[in-house]
$ cat final.txt   # compact mmCIF, C-alpha atoms
# COMPACT_ATOMS: atom_id res chain seq x y z
CA MET A 1 27.62 -18.71 6.39
CA VAL A 2 28.79 -16.96 9.56
CA LEU A 3 28.00 -18.04 13.10
CA LYS A 4 26.00 -15.41 14.92
CA LYS A 5 27.70 -14.31 18.12
CA LYS A 6 26.28 -15.45 21.49
CA THR A 7 23.79 -17.84 19.87
CA ASN A 8 23.77 -21.17 18.13
CA ILE A 9 21.73 -19.78 15.22
CA MET A 10 23.46 -19.74 11.87
CA ILE A 11 23.04 -16.45 10.00
CA LYS A 12 21.38 -17.12 6.65
CA LYS A 13 20.40 -14.61 3.98
CA ILE A 14 16.89 -13.97 2.70
CA PHE A 15 16.05 -11.99 -0.43
CA ILE A 16 12.50 -10.60 -0.51
CA LYS A 17 10.95 -9.22 -3.69
CA THR A 18 7.65 -7.43 -3.18
CA PHE A 19 4.98 -6.84 -5.81
CA GLY A 20 1.85 -4.70 -5.54
CA CYS A 21 0.31 -2.70 -2.76
CA GLN A 22 1.59 -0.91 0.33
CA MET A 23 0.16 -3.66 2.50
CA ASN A 24 2.47 -6.12 0.79
CA GLU A 25 5.37 -3.82 1.64
CA TYR A 26 4.29 -3.84 5.29
CA ASP A 27 3.88 -7.63 5.19
CA SER A 28 7.36 -8.09 3.72
CA LYS A 29 8.85 -6.01 6.52
CA ARG A 30 7.05 -8.05 9.16
CA ILE A 31 8.10 -11.30 7.48
CA LEU A 32 11.70 -10.11 7.76
CA ASP A 33 11.21 -9.27 11.46
CA THR A 34 9.83 -12.79 11.93
CA VAL A 35 12.47 -14.84 10.09
CA ARG A 36 15.24 -13.05 11.96
CA LYS A 37 14.15 -15.23 14.89
CA ILE A 38 15.43 -18.29 13.01
CA GLY A 39 18.70 -16.77 11.85
CA PHE A 40 17.89 -14.92 8.62
CA GLU A 41 19.16 -11.49 7.68
CA LYS A 42 18.07 -9.49 4.64
CA THR A 43 20.23 -9.32 1.53
CA GLU A 44 19.77 -6.97 -1.41
CA LYS A 45 21.59 -9.45 -3.69
CA TYR A 46 19.44 -12.41 -4.65
CA GLU A 47 22.61 -14.20 -5.78
CA ASP A 48 23.64 -14.53 -2.10
CA ALA A 49 20.29 -15.78 -0.86
CA ASN A 50 19.73 -18.97 1.12
CA CYS A 51 16.00 -18.19 0.88
CA TYR A 52 14.26 -16.37 -1.98
CA LEU A 53 10.77 -15.04 -1.17
CA LEU A 54 8.32 -13.50 -3.63
CA ASN A 55 5.52 -11.53 -1.99
CA THR A 56 2.90 -11.41 -4.72
CA CYS A 57 -0.11 -9.34 -5.76
CA HIS A 58 -3.19 -10.63 -7.61
CA ILE A 59 -4.96 -7.34 -8.39
CA ARG A 60 -3.69 -6.84 -11.94
CA ASP A 61 -3.69 -9.09 -14.99
CA LYS A 62 -0.86 -11.57 -15.57
CA ALA A 63 0.25 -11.43 -11.91
CA LYS A 64 0.50 -15.21 -11.80
CA GLU A 65 2.64 -15.37 -14.95
CA LYS A 66 5.00 -12.73 -13.54
CA VAL A 67 5.64 -15.07 -10.61
CA TYR A 68 6.52 -18.00 -12.86
CA HIS A 69 8.72 -15.74 -14.99
CA GLU A 70 10.59 -14.62 -11.87
CA ILE A 71 11.00 -18.22 -10.68
CA GLY A 72 12.39 -19.12 -14.10
CA ARG A 73 14.97 -16.35 -13.84
CA VAL A 74 16.07 -17.55 -10.39
CA LYS A 75 16.15 -21.17 -11.56
CA LYS A 76 18.45 -20.21 -14.42
CA PHE A 77 20.87 -18.34 -12.17
CA PHE A 78 21.10 -21.11 -9.54
CA ARG A 79 21.47 -23.90 -12.12
CA PHE A 80 25.06 -24.56 -11.04
CA LYS A 81 24.80 -23.25 -7.48
CA LYS A 82 23.12 -24.50 -4.33
CA LYS A 83 19.41 -23.82 -4.69
CA PRO A 84 17.85 -21.42 -2.13
CA ILE A 85 14.54 -22.21 -0.46
CA ILE A 86 11.94 -20.74 -2.82
CA ILE A 87 8.86 -19.25 -1.15
CA VAL A 88 5.85 -17.73 -2.90
CA ALA A 89 3.82 -15.59 -0.49
CA GLY A 90 0.95 -13.13 -0.81
CA CYS A 91 -2.27 -13.05 -2.79
CA VAL A 92 -1.19 -15.16 -5.79
CA ALA A 93 -0.08 -17.81 -3.32
CA GLN A 94 -3.49 -17.65 -1.63
CA ALA A 95 -5.40 -17.86 -4.92
CA GLU A 96 -3.33 -20.60 -6.55
CA ASN A 97 -2.03 -22.51 -3.45
CA ARG A 98 -1.19 -26.15 -4.25
CA GLU A 99 -1.52 -25.60 -8.00
CA MET A 100 1.71 -23.59 -7.85
CA LEU A 101 3.58 -26.51 -6.29
CA LYS A 102 2.27 -28.82 -9.01
CA ARG A 103 3.04 -26.49 -11.91
CA GLU A 104 6.52 -25.41 -10.75
CA PRO A 105 8.45 -28.03 -8.72
CA TYR A 106 11.20 -25.44 -8.10
CA ILE A 107 8.85 -23.76 -5.59
CA ASP A 108 9.27 -25.19 -2.08
CA ILE A 109 6.76 -23.26 0.05
CA VAL A 110 3.48 -21.49 -0.71
CA ILE A 111 2.11 -19.29 2.08
CA GLY A 112 -0.92 -16.99 2.05
CA PRO A 113 -1.10 -13.50 3.61
CA GLN A 114 -3.05 -14.67 6.66
CA ALA A 115 -0.54 -17.38 7.58
CA TYR A 116 2.67 -15.38 8.01
CA HIS A 117 2.79 -16.24 11.71
CA LYS A 118 3.52 -19.80 10.60
CA ILE A 119 6.42 -18.93 8.29
CA ASN A 120 9.23 -19.84 10.70
CA ASP A 121 7.80 -23.29 11.45
CA THR A 122 7.13 -23.80 7.75
CA ILE A 123 10.72 -22.97 6.80
CA LEU A 124 12.16 -25.13 9.57
CA ASN A 125 9.91 -28.06 8.64
CA TYR A 126 10.95 -27.82 5.02
CA SER A 127 14.64 -27.54 5.93
CA LYS A 128 14.36 -30.70 8.03
CA ASN A 129 12.09 -32.87 5.88
CA LYS A 130 12.49 -31.40 2.37
CA LYS A 131 8.74 -31.80 1.98
CA LYS A 132 6.79 -29.16 0.04
CA GLU A 133 4.76 -26.90 2.34
CA GLU A 134 1.48 -25.05 1.70
CA GLU A 135 -0.14 -22.73 4.27
CA THR A 136 -3.18 -20.78 3.06
CA ASP A 137 -5.64 -20.91 5.95
CA PHE A 138 -7.38 -17.67 6.94
CA ASP A 139 -6.18 -17.12 10.50
CA THR A 140 -5.92 -13.34 10.78
CA ILE A 141 -6.37 -13.14 14.56
CA SER A 142 -3.53 -15.57 15.26
CA LYS A 143 -1.37 -13.80 12.70
CA PHE A 144 -1.59 -10.37 14.34
CA ASN A 145 -1.42 -11.77 17.87
CA TYR A 146 1.85 -13.42 16.88
CA LEU A 147 3.25 -10.38 15.08
CA SER A 148 2.37 -8.14 18.03
CA LYS A 149 4.98 -10.03 20.07
CA ILE A 150 7.71 -9.30 17.51
CA LYS A 151 9.07 -5.77 17.59
CA ASN A 152 8.51 -3.75 14.43
CA LYS A 153 12.05 -2.60 13.64
CA ASP A 154 11.13 -0.38 10.71
CA SER A 155 13.47 2.62 11.01
CA LYS A 156 12.08 4.62 8.10
CA VAL A 157 10.97 8.23 8.51
CA SER A 158 7.65 7.26 6.88
CA SER A 159 6.33 3.84 7.90
CA PHE A 160 3.35 1.70 6.94
CA LEU A 161 1.16 0.13 9.63
CA THR A 162 -1.61 -2.34 8.79
CA ILE A 163 -4.66 -1.85 11.02
CA GLN A 164 -7.31 -3.66 8.98
CA GLU A 165 -7.36 -6.50 6.47
CA GLY A 166 -9.87 -8.15 4.18
CA CYS A 167 -13.06 -6.96 2.56
CA ASP A 168 -16.79 -7.63 2.86
CA LYS A 169 -17.83 -5.40 -0.05
CA PHE A 170 -17.49 -8.00 -2.87
CA CYS A 171 -17.09 -5.57 -5.75
CA HIS A 172 -17.65 -7.74 -8.81
CA PHE A 173 -14.19 -7.04 -10.28
CA CYS A 174 -12.15 -7.55 -7.11
CA VAL A 175 -10.30 -10.61 -5.87
CA VAL A 176 -9.44 -9.24 -2.39
CA PRO A 177 -12.28 -10.97 -0.46
CA TYR A 178 -10.99 -14.29 -1.79
CA THR A 179 -7.28 -13.68 -1.17
CA ARG A 180 -7.38 -11.63 2.06
CA GLY A 181 -10.62 -12.93 3.55
CA PRO A 182 -13.37 -11.07 5.45
CA GLU A 183 -12.85 -7.69 7.09
CA TYR A 184 -10.80 -7.87 10.27
CA SER A 185 -9.75 -4.96 12.48
CA ARG A 186 -6.71 -5.31 14.73
CA PRO A 187 -7.07 -4.63 18.47
CA PHE A 188 -6.79 -0.93 19.24
CA SER A 189 -4.19 -1.40 21.99
CA GLN A 190 -2.11 -3.65 19.72
CA ILE A 191 -1.91 -0.90 17.10
CA ILE A 192 -0.97 1.73 19.70
CA ASN A 193 1.89 -0.45 20.96
CA GLU A 194 3.23 -0.84 17.43
CA VAL A 195 2.98 2.92 16.89
CA LYS A 196 5.16 3.42 19.98
CA GLU A 197 7.76 1.02 18.56
CA LEU A 198 7.82 2.86 15.25
CA ILE A 199 8.22 6.27 16.87
CA GLN A 200 11.05 4.94 19.05
CA SER A 201 12.76 3.74 15.85
CA GLY A 202 12.59 7.22 14.31
CA THR A 203 9.29 7.22 12.40
CA LYS A 204 7.83 10.70 11.88
CA GLU A 205 4.94 9.75 9.59
CA ILE A 206 2.63 6.74 9.88
CA ILE A 207 0.46 5.55 7.00
CA LEU A 208 -2.40 3.41 8.33
CA LEU A 209 -3.23 0.60 5.92
CA GLY A 210 -6.23 -1.56 5.15
CA GLN A 211 -8.07 -2.97 2.17
CA ASN A 212 -10.96 -0.92 3.60
CA VAL A 213 -9.05 1.08 6.17
CA ASN A 214 -11.97 3.38 7.00
CA ALA A 215 -14.07 0.32 7.89
CA TYR A 216 -11.81 -0.13 10.92
CA SER A 217 -13.92 -1.01 13.98
CA TYR A 218 -12.76 -2.72 17.16
CA LYS A 219 -14.75 -3.16 20.37
CA GLU A 220 -12.72 -3.05 23.55
CA GLN A 221 -13.85 -2.36 27.13
CA ASN A 222 -17.46 -1.74 26.02
CA LYS A 223 -16.34 0.93 23.56
CA GLU A 224 -16.18 0.81 19.77
CA PHE A 225 -12.99 2.28 18.38
CA ARG A 226 -13.13 3.51 14.80
CA LEU A 227 -10.51 5.01 12.49
CA SER A 228 -11.42 8.47 13.77
CA ASP A 229 -10.62 7.41 17.36
CA LEU A 230 -7.31 5.93 16.25
CA ILE A 231 -6.25 9.09 14.43
CA LEU A 232 -7.09 11.27 17.44
CA GLU A 233 -5.11 8.94 19.71
CA LEU A 234 -2.10 9.11 17.39
CA GLU A 235 -2.45 12.90 17.41
CA LYS A 236 -1.27 12.83 21.06
CA PHE A 237 2.12 11.25 20.34
CA THR A 238 5.07 13.62 20.61
CA GLY A 239 7.51 12.93 17.81
CA LEU A 240 4.87 11.81 15.34
CA GLU A 241 4.44 14.59 12.79
CA ARG A 242 2.12 13.23 10.12
CA ILE A 243 -0.74 10.73 9.83
CA ARG A 244 -2.18 9.25 6.64
CA TYR A 245 -4.50 6.35 5.81
CA THR A 246 -5.28 4.29 2.72
CA THR A 247 -7.25 2.73 1.03
CA SER A 248 -10.76 3.98 1.75
CA HIS A 249 -14.20 3.03 0.48
CA PRO A 250 -16.79 5.79 -0.04
CA ARG A 251 -19.40 3.74 1.89
CA ASP A 252 -17.23 3.94 5.01
CA MET A 253 -16.46 7.65 4.83
CA THR A 254 -18.53 8.31 7.94
CA GLU A 255 -19.32 11.65 9.60
CA ASP A 256 -17.00 10.96 12.55
CA LEU A 257 -14.09 10.42 10.15
CA ILE A 258 -14.93 13.49 8.08
CA ASN A 259 -15.09 15.56 11.29
CA VAL A 260 -11.59 14.45 12.33
CA TYR A 261 -10.31 16.86 9.68
CA LYS A 262 -11.66 19.66 11.90
CA LYS A 263 -9.75 18.42 14.95
CA SER A 264 -6.49 16.87 13.80
CA LYS A 265 -3.43 18.93 12.95
CA LYS A 266 -1.35 15.89 11.98
CA LEU A 267 -3.81 14.26 9.56
CA MET A 268 -2.61 15.14 6.07
CA PRO A 269 -4.97 16.90 3.60
CA LEU A 270 -4.84 14.22 0.89
CA VAL A 271 -7.77 11.81 0.71
CA HIS A 272 -7.32 8.72 -1.44
CA LEU A 273 -10.91 7.73 -2.19
CA PRO A 274 -11.31 5.23 -5.05
CA VAL A 275 -14.41 5.92 -7.14
CA GLN A 276 -13.66 3.47 -10.04
CA SER A 277 -16.16 5.08 -12.44
CA GLY A 278 -18.08 8.32 -12.93
CA SER A 279 -21.18 6.46 -14.10
CA ASN A 280 -23.89 5.31 -11.69
CA LYS A 281 -24.81 2.55 -14.12
CA ILE A 282 -21.29 1.16 -14.09
CA LEU A 283 -20.98 1.58 -10.31
CA GLN A 284 -24.13 -0.52 -9.90
CA LEU A 285 -22.78 -3.18 -12.26
CA MET A 286 -19.55 -3.19 -10.24
CA ASN A 287 -21.52 -3.60 -6.99
CA ARG A 288 -19.69 -0.59 -5.56
CA LYS A 289 -22.57 0.35 -3.20
CA HIS A 290 -22.19 4.11 -3.68
CA THR A 291 -23.41 6.65 -6.21
CA ILE A 292 -21.64 9.58 -7.81
CA GLU A 293 -23.95 11.95 -5.95
CA GLU A 294 -22.88 10.43 -2.62
CA TYR A 295 -19.23 10.60 -3.65
CA LEU A 296 -19.49 14.29 -4.58
CA LYS A 297 -21.24 15.03 -1.30
CA ILE A 298 -18.31 13.52 0.64
CA CYS A 299 -15.82 15.59 -1.34
CA LYS A 300 -17.82 18.77 -0.76
CA LYS A 301 -18.03 18.17 3.01
CA LEU A 302 -14.28 17.67 3.25
CA LYS A 303 -13.54 20.75 1.13
CA ASN A 304 -15.85 22.84 3.31
CA ILE A 305 -13.89 21.74 6.38
CA ASN A 306 -10.49 22.38 4.80
CA PRO A 307 -10.21 23.95 1.31
CA SER A 308 -6.62 22.68 1.01
CA ILE A 309 -7.78 19.03 0.97
CA GLU A 310 -7.05 17.32 -2.35
CA PHE A 311 -8.21 13.95 -3.69
CA SER A 312 -6.66 10.98 -5.43
CA SER A 313 -8.56 7.99 -6.76
CA ASP A 314 -8.66 4.74 -8.75
CA PHE A 315 -10.39 4.27 -12.11
CA ILE A 316 -11.30 1.14 -14.07
CA ILE A 317 -11.82 1.92 -17.75
CA GLY A 318 -13.67 -0.38 -20.16
CA TYR A 319 -15.67 -2.24 -17.53
CA PRO A 320 -18.19 -4.61 -19.20
CA GLN A 321 -21.18 -2.66 -20.63
CA GLU A 322 -19.36 0.68 -20.41
CA GLU A 323 -20.77 2.86 -23.18
CA GLU A 324 -19.64 6.22 -24.50
CA GLU A 325 -21.89 8.16 -22.12
CA ASP A 326 -20.56 6.19 -19.11
CA PHE A 327 -17.04 7.04 -20.18
CA LYS A 328 -17.95 10.73 -20.55
CA ASP A 329 -19.42 10.68 -17.04
CA THR A 330 -16.03 9.52 -15.73
CA LEU A 331 -14.21 12.22 -17.68
CA ARG A 332 -16.62 14.87 -16.32
CA LEU A 333 -15.98 13.70 -12.76
CA ILE A 334 -12.21 13.90 -13.23
CA LYS A 335 -12.49 17.45 -14.59
CA SER A 336 -14.79 18.41 -11.71
CA ILE A 337 -12.77 17.04 -8.78
CA LYS A 338 -9.33 17.65 -10.34
CA PHE A 339 -7.72 14.62 -8.69
CA ILE A 340 -4.05 15.36 -8.12
CA ASN A 341 -2.86 11.74 -8.35
CA SER A 342 -4.75 8.65 -9.50
CA TYR A 343 -4.35 5.11 -10.75
CA SER A 344 -6.18 4.13 -13.92
CA PHE A 345 -6.31 0.78 -15.70
CA ILE A 346 -8.27 -1.07 -18.36
CA PHE A 347 -10.54 -3.68 -16.80
CA SER A 348 -8.91 -7.10 -16.58
CA PRO A 349 -11.04 -10.02 -15.38
CA ARG A 350 -9.83 -11.81 -12.25
CA PRO A 351 -10.62 -15.54 -12.00
CA GLY A 352 -13.20 -16.33 -9.36
CA THR A 353 -14.85 -12.89 -9.33
CA MET A 354 -18.39 -12.09 -10.50
CA ALA A 355 -17.08 -10.11 -13.48
CA ALA A 356 -14.65 -12.81 -14.61
CA ASP A 357 -16.79 -14.12 -17.48
CA LEU A 358 -18.52 -10.95 -18.66
CA ASN A 359 -18.23 -9.78 -22.25
CA LEU A 360 -15.36 -7.31 -22.59
CA VAL A 361 -15.50 -3.87 -24.17
CA ASP A 362 -13.55 -3.70 -27.44
CA LYS A 363 -9.86 -3.61 -26.51
CA LYS A 364 -9.00 -0.80 -28.93
CA LYS A 365 -11.89 1.33 -27.66
CA SER A 366 -10.87 0.72 -24.04
CA GLN A 367 -7.30 1.74 -24.80
CA GLU A 368 -8.45 4.94 -26.52
CA ARG A 369 -10.62 5.80 -23.50
CA LEU A 370 -7.80 5.08 -21.07
CA GLU A 371 -5.47 7.40 -22.97
CA ILE A 372 -8.04 10.22 -22.82
CA ILE A 373 -8.61 9.67 -19.10
CA GLN A 374 -4.91 9.55 -18.31
CA LYS A 375 -4.24 12.66 -20.37
CA GLN A 376 -6.75 14.55 -18.20
CA LEU A 377 -5.43 13.04 -14.96
CA PHE A 378 -1.87 13.94 -15.93
CA LYS A 379 -2.97 17.46 -16.86
CA ASN A 380 -4.44 17.86 -13.36
CA GLN A 381 -1.14 16.70 -11.83
CA ILE A 382 0.96 19.01 -14.00
CA ASN A 383 -1.24 22.04 -13.26
CA LYS A 384 -1.20 21.37 -9.52
CA ASN A 385 2.58 20.99 -9.43
CA LYS A 386 3.08 24.03 -11.66
CA SER A 387 0.98 26.12 -9.26
CA LEU A 388 3.49 25.40 -6.47
CA GLU A 389 6.51 26.81 -8.29
CA LYS A 390 8.13 29.80 -6.52
CA LYS A 391 6.20 28.96 -3.36
CA ILE A 392 7.56 27.76 -0.02
CA ILE A 393 5.97 24.55 1.24
CA ASN A 394 6.47 22.13 4.13
CA VAL A 395 8.32 18.94 3.18
CA LEU A 396 9.12 15.91 5.34
CA ILE A 397 12.63 14.78 4.36
CA GLU A 398 12.69 10.97 4.17
CA ASN A 399 16.08 9.93 2.84
CA LYS A 400 18.99 10.50 0.46
CA MET A 401 18.51 9.85 -3.23
CA LYS A 402 20.49 7.02 -4.83
CA ASP A 403 22.96 9.57 -6.21
CA GLU A 404 23.88 10.33 -2.56
CA ILE A 405 23.67 14.05 -3.38
CA LYS A 406 20.02 15.07 -3.42
CA LEU A 407 17.45 14.52 -0.67
CA PHE A 408 13.97 13.04 -1.11
CA GLY A 409 10.86 14.21 0.71
CA ARG A 410 7.10 14.57 0.35
CA THR A 411 4.63 17.41 0.66
CA GLU A 412 1.49 17.25 2.76
CA HIS A 413 -0.25 16.07 -0.41
CA MET A 414 2.24 13.20 -0.83
CA THR A 415 3.94 14.76 -3.86
CA PRO A 416 7.63 13.73 -4.16
CA VAL A 417 10.14 16.55 -3.76
CA ILE A 418 13.79 16.33 -4.83
CA ILE A 419 15.83 18.75 -2.79
CA ASP A 420 19.23 20.32 -2.42
CA GLY A 421 20.03 20.10 1.29
CA ASN A 422 22.05 18.54 4.09
CA ILE A 423 21.52 15.03 5.50
CA GLU A 424 20.95 16.40 9.00
CA ASN A 425 17.52 17.46 7.72
CA ILE A 426 16.43 13.82 7.21
CA GLY A 427 13.47 13.17 9.51
CA LYS A 428 12.59 16.86 9.76
CA ILE A 429 9.77 18.92 8.28
CA VAL A 430 11.44 21.85 6.56
CA PRO A 431 10.34 24.74 4.35
CA VAL A 432 11.34 24.17 0.74
CA GLU A 433 11.28 26.79 -1.99
CA ILE A 434 9.99 25.11 -5.15
CA SER A 435 12.04 26.04 -8.20
CA GLY A 436 10.59 23.62 -10.75
CA SER A 437 8.18 20.77 -11.35
CA SER A 438 7.35 17.80 -13.56
CA GLN A 439 4.19 15.73 -13.85
CA THR A 440 5.11 13.61 -10.82
CA SER A 441 7.64 15.61 -8.79
CA LEU A 442 8.68 18.96 -7.41
CA PHE A 443 12.24 20.34 -7.22
CA GLY A 444 13.56 22.84 -4.73
CA LYS A 445 15.94 23.99 -2.05
CA ILE A 446 15.58 24.15 1.72
CA LYS A 447 15.15 27.67 3.00
CA GLN A 448 17.80 28.42 5.58
CA ASP A 449 15.46 30.70 7.53
CA TYR A 450 13.02 28.22 9.08
CA ASN A 451 10.75 31.07 10.20
CA GLN A 452 9.69 31.77 6.63
CA LYS A 453 5.96 31.61 6.04
CA VAL A 454 5.06 28.40 4.18
CA ALA A 455 2.22 27.57 1.81
$ encode --input "final.txt" --output "structure tokens"
Amino acid sequence: MVLKKKTNIMIKKIFIKTFGCQMNEYDSKRILDTVRKIGFEKTEKYEDANCYLLNTCHIRDKAKEKVYHEIGRVKKFFRFKKKPIIIVAGCVAQAENREMLKREPYIDIVIGPQAYHKINDTILNYSKNKKKEEETDFDTISKFNYLSKIKNKDSKVSSFLTIQEGCDKFCHFCVVPYTRGPEYSRPFSQIINEVKELIQSGTKEIILLGQNVNAYSYKEQNKEFRLSDLILELEKFTGLERIRYTTSHPRDMTEDLINVYKKSKKLMPLVHLPVQSGSNKILQLMNRKHTIEEYLKICKKLKNINPSIEFSSDFIIGYPQEEEEDFKDTLRLIKSIKFINSYSFIFSPRPGTMAADLNLVDKKKSQERLEIIQKQLFKNQINKNKSLEKKIINVLIENKMKDEIKLFGRTEHMTPVIIDGNIENIGKIVPVEISGSSQTSLFGKIKQDYNQKVA
């Protein structure tokens, strides 16, 4: 290890592997900002790590087993080398806590997503005492108060920013209320300060994150700030080009938020609005608290405001008691809305949730239904991308591709674009002529005349 200049802190290397959602990606970045205070720097090579951290996700099936599999791989590699400190963080850590330490002695520290402000003390305590550590208290306020004092050094063109955590909806299939706790909205001024840091570091697009991001509500100086207020405040920042938010709940798609699409020029016209099923019966069984009629009404209002708005969503197929007609309702909804990008999965029971012990739909039938749903979803994607060929569209260039030749960017609708162009365009919104497409991506070339009319 090398001695860091002008300090007595030894530089150590931390390898962070992140599973799951965008919020976990944000958390991993903030963990890195935090552990730098005690001498750690990031390494992309786990073989060089003095500390190996797994930031885990508990949404999908077998998440826990993936963690143990990963630990086994690390254990095998370090069999004849000095063992790094092994940390399991995130939602699996929250759900399993001390059981993980009992099952796998190779794990040294287990820390939940609301205790990241304690990670430095936890690491230092373990380094000194070699005593297993477990931190899984829900302490969201202290966490964000602590993180607000540590500069967000994310230098990406497009950056995530968590503004809300937790969930009070208690959908019967979902583990989030148990792993992330109740809904909590960060102080408005705290978010604005972090936005300023990100813009100073070169961020051009900010993606506001929350388990129920559109439930954001913070009272300050006798005023309630909602997501709509936050977006309009971000609109004022010179240098910030694009604003997005995810993930939303239909119950919190309020009129003030819908009306922001009339006022904001920087809010992108893609709305990720998970519906989960096209059947009111299934939605009621899921405890989703919205109907298909309400969902369609939201979509219609947004389309009336801006016809270029597109939708993406989440679907759970084969939920307990799903019958053929329920499945057809979902297929009809997909054909009606023409979602341009969606996530779809067969229902997998999560321990501790209301749906954990329900009788499952036949596995073969669920798989057949999923394939039909995905075929239609993919068809929507392909048709949308195909319709953009030979058109000129605005693309925010984010970085170079791994081949160091092509550039990578995204459209206003979040579609990836692989581009021929020069690196000086990174961080800029440029007109790109689309020459080809696939199911997931567009391909094109930057137009040299920036005054060209764009789609």
$ closest_residue --input "final.txt" --among "A:Ile71, A:Ile423, A:Cys171, A:Leu331" --to "Arg103 (chain A)" --atoms "all atoms listed in the file"
A:Ile71
$ residues_around --input "final.txt" --residues "region 132-144 of chain A" --least-positions-apart "5" --cutoff "8 Å" --atoms "only C-alpha atoms" --output "list in words"
Ala93, Gln94, Asn97, Arg98, Leu101, Asp108, Ile109, Val110, Ile111, Gly112, Pro113, Gln114, Ala115, Tyr116, His117, Lys118, Thr122, Tyr126, Arg180, Gly181, Tyr184 and Arg186 of chain A
$ residues_around --input "final.txt" --residues "Arg242 (chain A)" --least-positions-apart "6" --cutoff "10 Å" --atoms "only C-alpha atoms" --output "PyMOL selection string"
chain A and resi 158+203-207+234-235+265-268+396+412+429
$ atom_distance --input "final.txt" --atom1 "CA of Phe339 (chain A)" --atom2 "CA of Gln381 (chain A)"
7.6 Å
$ axis_aligned_box --input "final.txt" --around "region 293-307 of chain A" --padding-each-side "4 Å" --output "JSON"
{"center_x": -17.1, "center_y": 17.2, "center_z": 0.2, "size_x": 21.7, "size_y": 21.5, "size_z": 20.3}
$ residues_around --input "final.txt" --residues "Ile446 (chain A)" --least-positions-apart "5" --cutoff "12 Å" --atoms "only C-alpha atoms" --output "JSON, numbers by chain"
{"A": [391, 392, 393, 394, 395, 396, 397, 406, 407, 408, 409, 417, 418, 419, 420, 421, 422, 423, 424, 425, 426, 428, 429, 430, 431, 432, 433, 434, 435, 451, 452, 454]}
$ atom_distance --input "final.txt" --atom1 "CA of Phe378 (chain A)" --atom2 "CA of His58 (chain A)"
26.0 Å
$ atom_distance --input "final.txt" --atom1 "CA of Ser312 (chain A)" --atom2 "CA of Ser437 (chain A)"
18.7 Å
$ decode --input "final.txt" --residues "region 108-121 of chain A" --atoms "N, CA and C atoms" --output "PDB file, in the first residue's frame"
ATOM      1  N   ASP A 108     -17.523 -10.359   6.937  1.00  0.00           N
ATOM      2  CA  ASP A 108     -17.067  -9.644   8.123  1.00  0.00           C
ATOM      3  C   ASP A 108     -18.073  -8.597   8.606  1.00  0.00           C
ATOM      4  N   ILE A 109     -18.744  -7.929   7.649  1.00  0.00           N
ATOM      5  CA  ILE A 109     -19.635  -6.821   7.994  1.00  0.00           C
ATOM      6  C   ILE A 109     -20.918  -6.939   7.169  1.00  0.00           C
ATOM      7  N   VAL A 110     -22.051  -6.753   7.827  1.00  0.00           N
ATOM      8  CA  VAL A 110     -23.343  -6.680   7.159  1.00  0.00           C
ATOM      9  C   VAL A 110     -23.939  -5.319   7.496  1.00  0.00           C
ATOM     10  N   ILE A 111     -24.294  -4.548   6.453  1.00  0.00           N
ATOM     11  CA  ILE A 111     -24.793  -3.191   6.698  1.00  0.00           C
ATOM     12  C   ILE A 111     -25.968  -2.881   5.772  1.00  0.00           C
ATOM     13  N   GLY A 112     -27.078  -2.452   6.361  1.00  0.00           N
ATOM     14  CA  GLY A 112     -28.292  -2.170   5.598  1.00  0.00           C
ATOM     15  C   GLY A 112     -28.251  -0.811   4.923  1.00  0.00           C
ATOM     16  N   PRO A 113     -29.176  -0.558   3.985  1.00  0.00           N
ATOM     17  CA  PRO A 113     -29.141   0.666   3.181  1.00  0.00           C
ATOM     18  C   PRO A 113     -29.421   1.949   3.945  1.00  0.00           C
ATOM     19  N   GLN A 114     -29.971   1.845   5.155  1.00  0.00           N
ATOM     20  CA  GLN A 114     -30.209   3.062   5.938  1.00  0.00           C
ATOM     21  C   GLN A 114     -29.121   3.313   6.985  1.00  0.00           C
ATOM     22  N   ALA A 115     -28.032   2.570   6.890  1.00  0.00           N
ATOM     23  CA  ALA A 115     -26.956   2.713   7.885  1.00  0.00           C
ATOM     24  C   ALA A 115     -25.615   3.051   7.237  1.00  0.00           C
ATOM     25  N   TYR A 116     -25.627   3.543   5.998  1.00  0.00           N
ATOM     26  CA  TYR A 116     -24.361   3.790   5.315  1.00  0.00           C
ATOM     27  C   TYR A 116     -23.545   4.912   5.951  1.00  0.00           C
ATOM     28  N   HIS A 117     -24.195   5.772   6.713  1.00  0.00           N
ATOM     29  CA  HIS A 117     -23.447   6.827   7.409  1.00  0.00           C
ATOM     30  C   HIS A 117     -22.549   6.262   8.509  1.00  0.00           C
ATOM     31  N   LYS A 118     -22.776   4.988   8.852  1.00  0.00           N
ATOM     32  CA  LYS A 118     -21.975   4.340   9.892  1.00  0.00           C
ATOM     33  C   LYS A 118     -20.856   3.470   9.312  1.00  0.00           C
ATOM     34  N   ILE A 119     -20.717   3.452   7.992  1.00  0.00           N
ATOM     35  CA  ILE A 119     -19.816   2.473   7.385  1.00  0.00           C
ATOM     36  C   ILE A 119     -18.356   2.690   7.760  1.00  0.00           C
ATOM     37  N   ASN A 120     -17.916   3.959   7.867  1.00  0.00           N
ATOM     38  CA  ASN A 120     -16.518   4.196   8.218  1.00  0.00           C
ATOM     39  C   ASN A 120     -16.198   3.695   9.621  1.00  0.00           C
ATOM     40  N   ASP A 121     -17.062   4.031  10.586  1.00  0.00           N
ATOM     41  CA  ASP A 121     -16.846   3.554  11.958  1.00  0.00           C
ATOM     42  C   ASP A 121     -16.895   2.034  12.016  1.00  0.00           C
TER      43      ASP A 121
END
